[in-house]
Amino acid sequence: MRRQMSSFALMVCGIIAMVGGFTMLPSPAAVSAQPQQPSPRPTLQPTPDLRHRDNKPTAVIPGRLTGTIIDLRTGSPASGVAVVVDGQTVYSDANGNYDIWLSSGYYQLELQPTSSQGTAIQPAQEVAIGSGDTVVIHLFFTSPAPTEEAQLIVPPVAEPTPTVAPLVVDLPILPDTSVAHTSAAQPLADSPSAPANLPNTAATLGMGSPGTWILFGALLLGLGLVIQLAPRPRRRRIGVRHTKPTPSRREAPLTTHRADSDESVLSDLLNRDL
């Protein structure tokens with residue numbers, strides 16, 4: 001009876017602690033139902049109106065004529081060399097490339113270097129340019145050889161290194177900022193930098209977290225169930241002994257009489273046989 005009362009009390013306390021822990025849990029914020037939004041309308045692509053067509057003629061795409069002007073004597077590109085294309089003159093850039101845009105047709109291409117630049121090797125040639133085509137034609141010429149002139153080699157003269165006089169700077173005399181040592185140590189309370197009494201910032205103990213109460217209640221409930229379901233010990237009976245029954249006095253003569261009658265019967269049977 002006591003075990004049942006103890007287990008019941010523990011289970012009730014555990015349930016109360018768990019209910020209190022669940023009560024202290026923060027409640028979730030209510031989410032307001034949002035109205036359903038209509039599905040977005042697809043973007044309509046305007047269809048072209050075939051009745052209002054542009055009757056303007058299509059623009060003609062020009063062609064491109066380009067190439068590199070190379071000096072055969074040095075084997076490197078030459079800059080600033082003139083190229084004449086049907087009266088239009090273009091010059092090669094710093095990398096020796098020339099470039100011109102022309103409409104579709106046939107053109108006369110000719111390299112015209114100056115006398116100081118050299119002599120062209122290729123004659124004038126006819127070039128066909130198509131619409132949107134890129135035609136690459138490299139042009140070659142030979143530059144004049146440089147003349148050998150006697151050059152006077154002047155050996156370099158080492159300049160004397162100027163000597164720099166040492167500069168003496170007078171350092172200023174700084175004031176003595178050392179602290180004199182005293183024989184007696186000053187107490188910390190007299191120091192202006194000593195902190196005053198700090199406020200008590202210890203947090204007061206509250207009711208505890210909800211998880212602690214839930215765990216404590218679960219432990220009490222489990223302990224009560226263990227006590228309730230534990231097997232009970234068996235009680236031993238003391239003072240009861242099993243003894244064999246002794247024959248009473250009344251049964252003793254009956255047994256003796258039966259033994260005498262049996263002996264007489266046996267003796268009669270033996271006499272008959274003889």
# chains A, B, ... in the order shown; residues from 1 in each chain; ligands from 1
>>> select_by_dssp(residues="stretch 88-147 of chain A", states="strand (DSSP E)", output="JSON, numbers by chain")
{"A": [88, 89, 90, 91, 97, 98, 99, 100, 101, 102, 105, 106, 107, 108, 109, 110, 111, 112, 119, 120, 125, 126, 127, 128, 129, 134, 135, 136, 139, 140, 141, 142]}
>>> write_last_selection(atoms="N, CA and C atoms", output="CSV table (one decimal), in the first residue's frame")
chain,number,residue,atom,x,y,z
A,88,GLN,N,42.8,56.7,-103.0
A,88,GLN,CA,42.7,56.9,-101.6
A,88,GLN,C,44.0,56.4,-101.0
A,89,THR,N,44.6,57.3,-100.2
A,89,THR,CA,46.0,57.0,-99.6
A,89,THR,C,45.8,56.7,-98.1
A,90,VAL,N,46.3,55.6,-97.7
A,90,VAL,CA,46.3,55.2,-96.2
A,90,VAL,C,47.8,54.9,-95.9
A,91,TYR,N,48.1,55.1,-94.6
A,91,TYR,CA,49.5,54.9,-94.1
A,91,TYR,C,49.5,53.7,-93.1
A,97,ASN,N,50.7,47.8,-90.0
A,97,ASN,CA,49.4,47.3,-90.6
A,97,ASN,C,48.7,48.5,-91.3
A,98,TYR,N,48.0,48.3,-92.4
A,98,TYR,CA,47.1,49.2,-93.0
A,98,TYR,C,45.7,48.7,-93.1
A,99,ASP,N,44.7,49.5,-93.1
A,99,ASP,CA,43.3,49.1,-93.0
A,99,ASP,C,42.5,50.1,-93.6
A,100,ILE,N,41.5,49.7,-94.5
A,100,ILE,CA,40.6,50.6,-95.2
A,100,ILE,C,39.3,49.8,-95.5
A,101,TRP,N,38.2,50.5,-95.4
A,101,TRP,CA,36.9,50.0,-95.7
A,101,TRP,C,36.4,50.5,-97.0
A,102,LEU,N,35.9,49.6,-97.9
A,102,LEU,CA,35.5,49.9,-99.2
A,102,LEU,C,34.2,49.2,-99.5
A,105,GLY,N,33.4,45.9,-105.0
A,105,GLY,CA,33.9,46.3,-106.4
A,105,GLY,C,35.3,45.9,-106.5
A,106,TYR,N,35.9,46.3,-107.7
A,106,TYR,CA,37.3,46.1,-108.0
A,106,TYR,C,38.1,47.3,-107.8
A,107,TYR,N,39.3,47.2,-107.2
A,107,TYR,CA,40.2,48.4,-106.8
A,107,TYR,C,41.6,48.1,-107.2
A,108,GLN,N,42.4,49.2,-107.5
A,108,GLN,CA,43.8,49.1,-107.8
A,108,GLN,C,44.6,49.4,-106.6
A,109,LEU,N,45.4,48.5,-106.2
A,109,LEU,CA,46.2,48.6,-105.0
A,109,LEU,C,47.7,48.7,-105.4
A,110,GLU,N,48.3,49.7,-104.7
A,110,GLU,CA,49.8,50.0,-105.1
A,110,GLU,C,50.5,50.5,-103.8
A,111,LEU,N,51.7,50.0,-103.6
A,111,LEU,CA,52.5,50.5,-102.5
A,111,LEU,C,53.5,51.6,-103.0
A,112,GLN,N,53.5,52.8,-102.3
A,112,GLN,CA,54.3,53.9,-102.8
A,112,GLN,C,55.1,54.4,-101.6
A,119,THR,N,62.4,51.0,-101.9
A,119,THR,CA,61.8,50.8,-103.2
A,119,THR,C,60.8,49.6,-103.1
A,120,ALA,N,59.6,49.8,-103.7
A,120,ALA,CA,58.6,48.8,-103.7
A,120,ALA,C,59.0,47.6,-104.6
A,125,GLN,N,48.4,46.1,-108.3
A,125,GLN,CA,47.6,44.9,-108.5
A,125,GLN,C,46.1,45.2,-108.3
A,126,GLU,N,45.3,44.5,-109.0
A,126,GLU,CA,43.8,44.7,-108.9
A,126,GLU,C,43.2,43.7,-107.8
A,127,VAL,N,42.4,44.3,-107.0
A,127,VAL,CA,41.8,43.5,-105.9
A,127,VAL,C,40.3,43.6,-105.9
A,128,ALA,N,39.6,42.5,-105.7
A,128,ALA,CA,38.2,42.4,-105.7
A,128,ALA,C,37.7,42.4,-104.2
A,129,ILE,N,36.8,43.3,-103.9
A,129,ILE,CA,36.2,43.4,-102.6
A,129,ILE,C,34.8,43.1,-102.6
A,134,THR,N,36.5,40.3,-95.9
A,134,THR,CA,37.8,40.9,-95.4
A,134,THR,C,38.9,40.3,-96.2
A,135,VAL,N,39.6,41.2,-97.0
A,135,VAL,CA,40.7,40.7,-97.9
A,135,VAL,C,42.0,41.1,-97.3
A,136,VAL,N,42.9,40.2,-97.1
A,136,VAL,CA,44.2,40.4,-96.5
A,136,VAL,C,45.3,40.3,-97.6
A,139,LEU,N,52.2,43.6,-98.3
A,139,LEU,CA,53.0,44.3,-99.3
A,139,LEU,C,54.4,44.3,-98.8
A,140,PHE,N,55.4,44.3,-99.8
A,140,PHE,CA,56.8,44.2,-99.4
A,140,PHE,C,57.6,45.3,-100.2
A,141,PHE,N,58.7,45.7,-99.5
A,141,PHE,CA,59.6,46.7,-100.1
A,141,PHE,C,60.9,46.5,-99.5
A,142,THR,N,62.0,47.2,-100.1
A,142,THR,CA,63.3,47.0,-99.6
A,142,THR,C,63.8,48.4,-99.2
>>> residues_around(residues="A:Arg2", least_positions_apart="5", cutoff="12 Å", atoms="only C-alpha atoms", output="PyMOL selection string")
chain A and resi 7-9+227-228
>>> write_last_selection(atoms="C-alpha atoms", output="mmCIF file, in the first residue's frame")
data_model
loop_
_atom_site.group_PDB
_atom_site.id
_atom_site.type_symbol
_atom_site.label_atom_id
_atom_site.label_comp_id
_atom_site.auth_asym_id
_atom_site.auth_seq_id
_atom_site.Cartn_x
_atom_site.Cartn_y
_atom_site.Cartn_z
ATOM 1 C CA SER A 7 4.586 5.901 -6.817
ATOM 2 C CA PHE A 8 1.265 7.702 -7.299
ATOM 3 C CA ALA A 9 2.601 10.829 -5.542
ATOM 4 C CA ILE A 227 8.285 1.813 -8.251
ATOM 5 C CA GLN A 228 4.786 0.839 -9.428
#
>>> closest_residue(among="A:Leu223, A:Leu65, A:Met24, A:Met18", to="A:Ser104", atoms="only C-alpha atoms")
A:Leu65
>>> residues_around(residues="A:Asn95", least_positions_apart="2", cutoff="12 Å", atoms="only C-alpha atoms", output="PyMOL selection string")
chain A and resi 67-70+76-81+91-93+97-99
>>> atom_distance(atom1="atom CA of A:Val19", atom2="atom CA of A:Gly222")
15.2 Å
